[in-house]
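As structure tokens, the structure follows; a few thoughts come after it.
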Amino acid sequence: MVAAAKRRVIPGFGLTLGYTLVTLSCFVLLPLGALAVRTAQLSWPEFWATITDPVVVAAYRLTFGASAVAALCNAVLGLMTAWVLVRYRFPGRRLLDALIDFPFALPTAVAGLTFSNLYLKDGWIGGFGDRLAGLVNSAGASLGYPALIPSDSLGWLDFAYTNTPTGIVLVLIFVGLPFVVRSVQPVLQEWDAEYELAAESLGAGPFTTFRRVIFPEIFPAWLSGSSLAFARAVGEYGSVIFIAGNIPGKSQIAPLLIVQKLDDFQYAQATAIGMVLLLASLAILLVMNGIETWVRRRQTA
Amino acid sequence: MMLTRRNLVGAFGAMAAGAAFGPARAAADIKLLNVSYDPTRELYTEINDGFAAVWKAKTGATVTFEQSHGGSGKQARSVIDGLKADVVTLALGWDITAIEKAGLIKSGWQTRLPDNAAPYTSTVAFLVRKGNPKGIKDWADLTRPGVQVITPSPKTSGGGRWAFLAVWGGIAKAKTFDLTTPDGNAAAKSAAEGATSFPIYDNAEAKSFITTLYNSHVPVLDTGARGATVSFAQKQIGDVLINWENELWLAKEEFGADKFEIVYPATSILGEPPVAVVDAVVDQKGTRAVAEAYLQYLYTPEAQDVIAQLHYRPRNLDAVKKYSADLPNVPLFTIDAAFGGWTKAHTTFFADGGVFDSLYKPAQ
């Protein structure tokens with residue numbers, strides 16, 4: 001090791017390592033340190049009382065719960081999307097591929113506003129059933145059958161999710177989708193179809209081929225994409241704020257509680273809540289990483 | 001503890017504000033930063049133009065303004081964290097008190113200007129859909145079955161806090177005053193000075209009403225006054241909006257008088273959004289004279305007219321009379337006489353572990 005450190009094939013190790021450390025310190029470690037210092041201004045009982053307050057706990061549960069559900073949906077939807085984009089050729093594929101990045105580029109507040117308007121009870125999706133019933137009835141009337149169906153008979157097709165936890169999940173799916181697609185896509189692209197042919201020639205059906213041959217290969221990328229989507233969802237504020245109802249204990253997310261504490265000049269309490277979010281996300285990401293490493297090892301072993 | 005943070009954030013604040021407030025300040029070119037709360041954009045656009053003309057005529061100097069608007073608590077926090085505001089014009093006294101506690105405003109700011117340093121007032125009323133289909137006429141109607149109420153969160157919005165206090169005082173039948181007369185104003189003032197105990201905080205009826213209201217009738221708590229207006233008027237959520245009177249007018253004018261009606265409850269609260277010069281900043285920048293003149297200008301008949309035209313309630317009783325068609329006389333209770341001032345109201349109702357928090361605690 002020591003010998004290797006003295007003679008490297010590529011020059012400039014000292015310079016680039018220094019640069020990396022400075023960047024990391026300035027933009028990651030310093031803010032994290034400030035967060036810890038600020039939180040440390042609370043005594044232990046104060047800290048504990050802040051983070052175990054029922055309203056705060058409910059906000060954590062909502063934030064992590066909605067993020068987990070959204071990440072799971074994204075894991076499935078994102079994998080399918082990546083698969084379709086890589087394995088099939090169809091008109092409009094490039095356009096679709098470009099659209100995947102849309103949630104990255106769109107200001108989150110715009111996404112939040114759009115979603116909350118769509119899922120209002122008068123919105124396109126929130127009032128879909130009522131609109132459909134209206135359409136059916138007006139079409140019926142023009143054919144001579146007025147009031148074909150009761151105007152509220154399609155109420156089960158009204159997806160009025162604004163100001164509900166379901167609405168939060170929907171926005172988080174939107175925000176997180178590209179993470180999974182963009183993680184899995186390159187691996188699928190590199191994948192050599194000969195392995196599939198080999199599996200087939202050895203008698204594996206399509207399902208077995210996917211389960212035993214393809215999936216293990218894309219699993220690490222898929223898992224890390226899903227974790228990224230989850231982590232992003234936990235911290236998401238701009239978009240969620242428009243669709244969450246902000247009712248304490250019911251539809252209030254943890255990041256909003258932080259803002260609320262700040263507005264009440266309680267910096268230490270705000271950072272305490274942030275600290276818990278951070279540690280929980282970190283723990284979850286570590287576990288995901290652990291699984292990923294374990295799977296890789298098992299594959300190579 | 002405040003100091004370290006202020007230094008840190010102050011550095012960034014100074015960087016951000018650097019472009020606007022360069023070191024060179026010729027007498028002929030003064031820049032003032034007015035940090036205000038959410039709904040006053042339109043108001044200060046007009047007031048600033050008026051004052052600039054007056055100041056130019058008087059001294060020959062040109063004043064230009066920078067305006068910042070946002071939630072009152074957030075704005076106070078920015079100033080504490082180093083935003084170089086010459087004057088603050090916020091939604092409630094508590095937020096200016098917070099700046100005072102940080103050492104940037106001298107104590108006694110509330111008596112340095114007339115009328116509790118609030119050059120205009122407002123009140124809290126209802127906006128309902130045209131024809132008032134749910135028949136909302138007074139506070140007690142808000143918790144009738146099937147009524148959905150939109151109001152901003154008292155945790156993040158000054159307007160939300162005034163609305164909460166208005167409901168509490170309305171249900172608890174707080175003593176009201178006729179503030180359109182000099183006698184009424186004097187009575188309110190002496191009641192505030194003479195009050196020693198505030199039984200209104202123990203009013204069981206108000207407590208249970210507030211609990212029912214926020215738990216079962218409020219489907220969404222927007223973070224700011226404007227957000228609540230948008231939820232009600234544009235997103236069409238709820239049957240009644242409880243908000244600043246001036247916000248109700250704005251909704252009516254913006255979205256069409258054929259869609260909404262303003263309903264005044266039998267009694268309401270006198271909302272006093274106060275103003276103050278940020279001593280630490282004006283002394284450093286040398287803008288004290290102009291900043292003080294600016295705030296005094298708000299009390300002139302000319303500014304009081306602008307205030308009334310934008311649906312805030314003027315302090316000047318002549319202006320009150322002149323605009324009484326749009327701003328009807330409602331018997332009002334005051335925060336000082338009924339609740340013993342902001343510090344007490346804030347600690348009891350809105351601070352962590354206060355009454356508002358307890359509303360959402362699951363039953364033990």
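Chain lettering (A, B, ...) mirrors the order of the structure tokens, residue numbering begins at 1 for each chain separately, and ligand numbering begins at 1 in order of display.
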Please identify every residue of chain A that has at least one atom no more than 6 Å from any atom of chain B, counting only C-alpha atoms, and report them as a list of chain:residue names. A:Gly245, A:Asn246, A:Ile247, A:Gln260, A:Asp263
Please list as a ChimeraX atom specification every residue within 10 Å of Asp49 of chain B, counting only C-alpha atoms and excluding residues in the same chain fewer than 3 positions away. /B:44-46,52-54,63-65
Using the selection just defined, write its residues with N, CA and C atoms as a short mmCIF file (atom, residue, chain, number, x, y, z; two decimals), in the first residue's frame.
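again32.cif, written as the output of this step:
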```
data_model
loop_
_atom_site.label_atom_id
_atom_site.label_comp_id
_atom_site.auth_asym_id
_atom_site.auth_seq_id
_atom_site.Cartn_x
_atom_site.Cartn_y
_atom_site.Cartn_z
N TYR B 44 -48.06 49.12 -0.13
CA TYR B 44 -46.80 49.85 -0.05
C TYR B 44 -46.32 50.33 -1.40
N THR B 45 -46.75 49.73 -2.48
CA THR B 45 -46.42 50.27 -3.79
C THR B 45 -46.93 51.71 -3.88
N GLU B 46 -48.17 51.92 -3.44
CA GLU B 46 -48.75 53.27 -3.53
C GLU B 46 -48.17 54.21 -2.48
N ALA B 52 -42.21 59.26 -1.57
CA ALA B 52 -41.06 59.71 -2.36
C ALA B 52 -41.31 61.12 -2.88
N ALA B 53 -42.55 61.39 -3.33
CA ALA B 53 -42.89 62.72 -3.85
C ALA B 53 -42.81 63.76 -2.73
N VAL B 54 -43.37 63.43 -1.57
CA VAL B 54 -43.36 64.35 -0.44
C VAL B 54 -41.92 64.67 -0.01
N VAL B 63 -35.84 59.32 -2.84
CA VAL B 63 -35.89 58.07 -2.07
C VAL B 63 -36.38 56.96 -2.98
N THR B 64 -35.65 55.88 -2.99
CA THR B 64 -36.17 54.70 -3.69
C THR B 64 -36.36 53.59 -2.67
N PHE B 65 -37.29 52.71 -2.98
CA PHE B 65 -37.66 51.69 -2.01
C PHE B 65 -37.37 50.29 -2.51
#
```
DSSP on the backbone: what in segment 7-250 of chain A comes out alpha helix (DSSP H), as a PyMOL selection string? chain A and resi 13-24+30-39+44-52+54-87+93-99+102-105+108-118+128-142+165-190+194-201+206-208+215-235+240-243
If you run DSSP over the backbone, which residues in segment 56-293 of chain B end up strand (DSSP E or B)? Put them as a PDB file with C-alpha atoms, in the first residue's frame.
```pdb
ATOM      1  CA  THR B  62     -34.718  61.049  -4.104  1.00  0.00           C
ATOM      2  CA  VAL B  63     -35.893  58.074  -2.074  1.00  0.00           C
ATOM      3  CA  THR B  64     -36.172  54.704  -3.690  1.00  0.00           C
ATOM      4  CA  PHE B  65     -37.662  51.687  -2.006  1.00  0.00           C
ATOM      5  CA  GLU B  66     -36.907  48.033  -1.801  1.00  0.00           C
ATOM      6  CA  GLN B  67     -39.885  45.989  -0.665  1.00  0.00           C
ATOM      7  CA  SER B  68     -39.810  42.513   0.787  1.00  0.00           C
ATOM      8  CA  HIS B  69     -42.993  40.564   1.494  1.00  0.00           C
ATOM      9  CA  VAL B  87     -38.249  49.727   8.649  1.00  0.00           C
ATOM     10  CA  VAL B  88     -40.373  46.703   9.442  1.00  0.00           C
ATOM     11  CA  THR B  89     -44.124  46.775   8.837  1.00  0.00           C
ATOM     12  CA  TYR B 120     -53.867  51.426  10.131  1.00  0.00           C
ATOM     13  CA  THR B 121     -55.889  48.487  11.356  1.00  0.00           C
ATOM     14  CA  SER B 122     -57.918  45.704   9.895  1.00  0.00           C
ATOM     15  CA  THR B 123     -60.338  43.170  11.213  1.00  0.00           C
ATOM     16  CA  VAL B 124     -61.257  39.564  10.651  1.00  0.00           C
ATOM     17  CA  ALA B 125     -64.423  38.656   8.760  1.00  0.00           C
ATOM     18  CA  PHE B 126     -65.916  35.947   6.530  1.00  0.00           C
ATOM     19  CA  LEU B 127     -65.925  35.445   2.796  1.00  0.00           C
ATOM     20  CA  VAL B 128     -68.711  33.123   1.626  1.00  0.00           C
ATOM     21  CA  ARG B 129     -69.859  31.939  -1.780  1.00  0.00           C
ATOM     22  CA  VAL B 149     -63.776  26.506   7.044  1.00  0.00           C
ATOM     23  CA  ILE B 150     -60.622  27.797   5.368  1.00  0.00           C
ATOM     24  CA  PHE B 177     -65.762  49.083  21.594  1.00  0.00           C
ATOM     25  CA  VAL B 240     -66.255  30.102   4.389  1.00  0.00           C
ATOM     26  CA  LEU B 241     -62.888  31.838   4.525  1.00  0.00           C
ATOM     27  CA  ILE B 242     -61.837  33.511   7.776  1.00  0.00           C
ATOM     28  CA  ASN B 243     -59.110  36.017   6.984  1.00  0.00           C
ATOM     29  CA  TRP B 244     -57.999  39.643   7.059  1.00  0.00           C
ATOM     30  CA  PHE B 260     -68.346  35.942  -3.273  1.00  0.00           C
ATOM     31  CA  GLU B 261     -69.887  37.934  -0.443  1.00  0.00           C
ATOM     32  CA  ILE B 262     -68.216  39.433   2.592  1.00  0.00           C
ATOM     33  CA  VAL B 263     -70.075  38.711   5.827  1.00  0.00           C
ATOM     34  CA  SER B 268     -64.632  40.865  15.766  1.00  0.00           C
ATOM     35  CA  ILE B 269     -61.095  41.777  16.679  1.00  0.00           C
ATOM     36  CA  LEU B 270     -59.162  44.974  16.004  1.00  0.00           C
ATOM     37  CA  GLY B 271     -56.150  43.736  14.039  1.00  0.00           C
ATOM     38  CA  VAL B 275     -44.546  49.414  12.164  1.00  0.00           C
ATOM     39  CA  ALA B 276     -41.114  50.260  13.554  1.00  0.00           C
ATOM     40  CA  VAL B 277     -37.781  51.714  12.559  1.00  0.00           C
TER      41      VAL B 277
END
```
Nearest to Leu148 of chain A by atom-to-atom distance, counting only C-alpha atoms, from A:Thr300, A:Ile258, A:Leu62, A:Ala133: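 Residue with the minimum atom-to-atom distance to Leu148 of chain A: A:Ala133.
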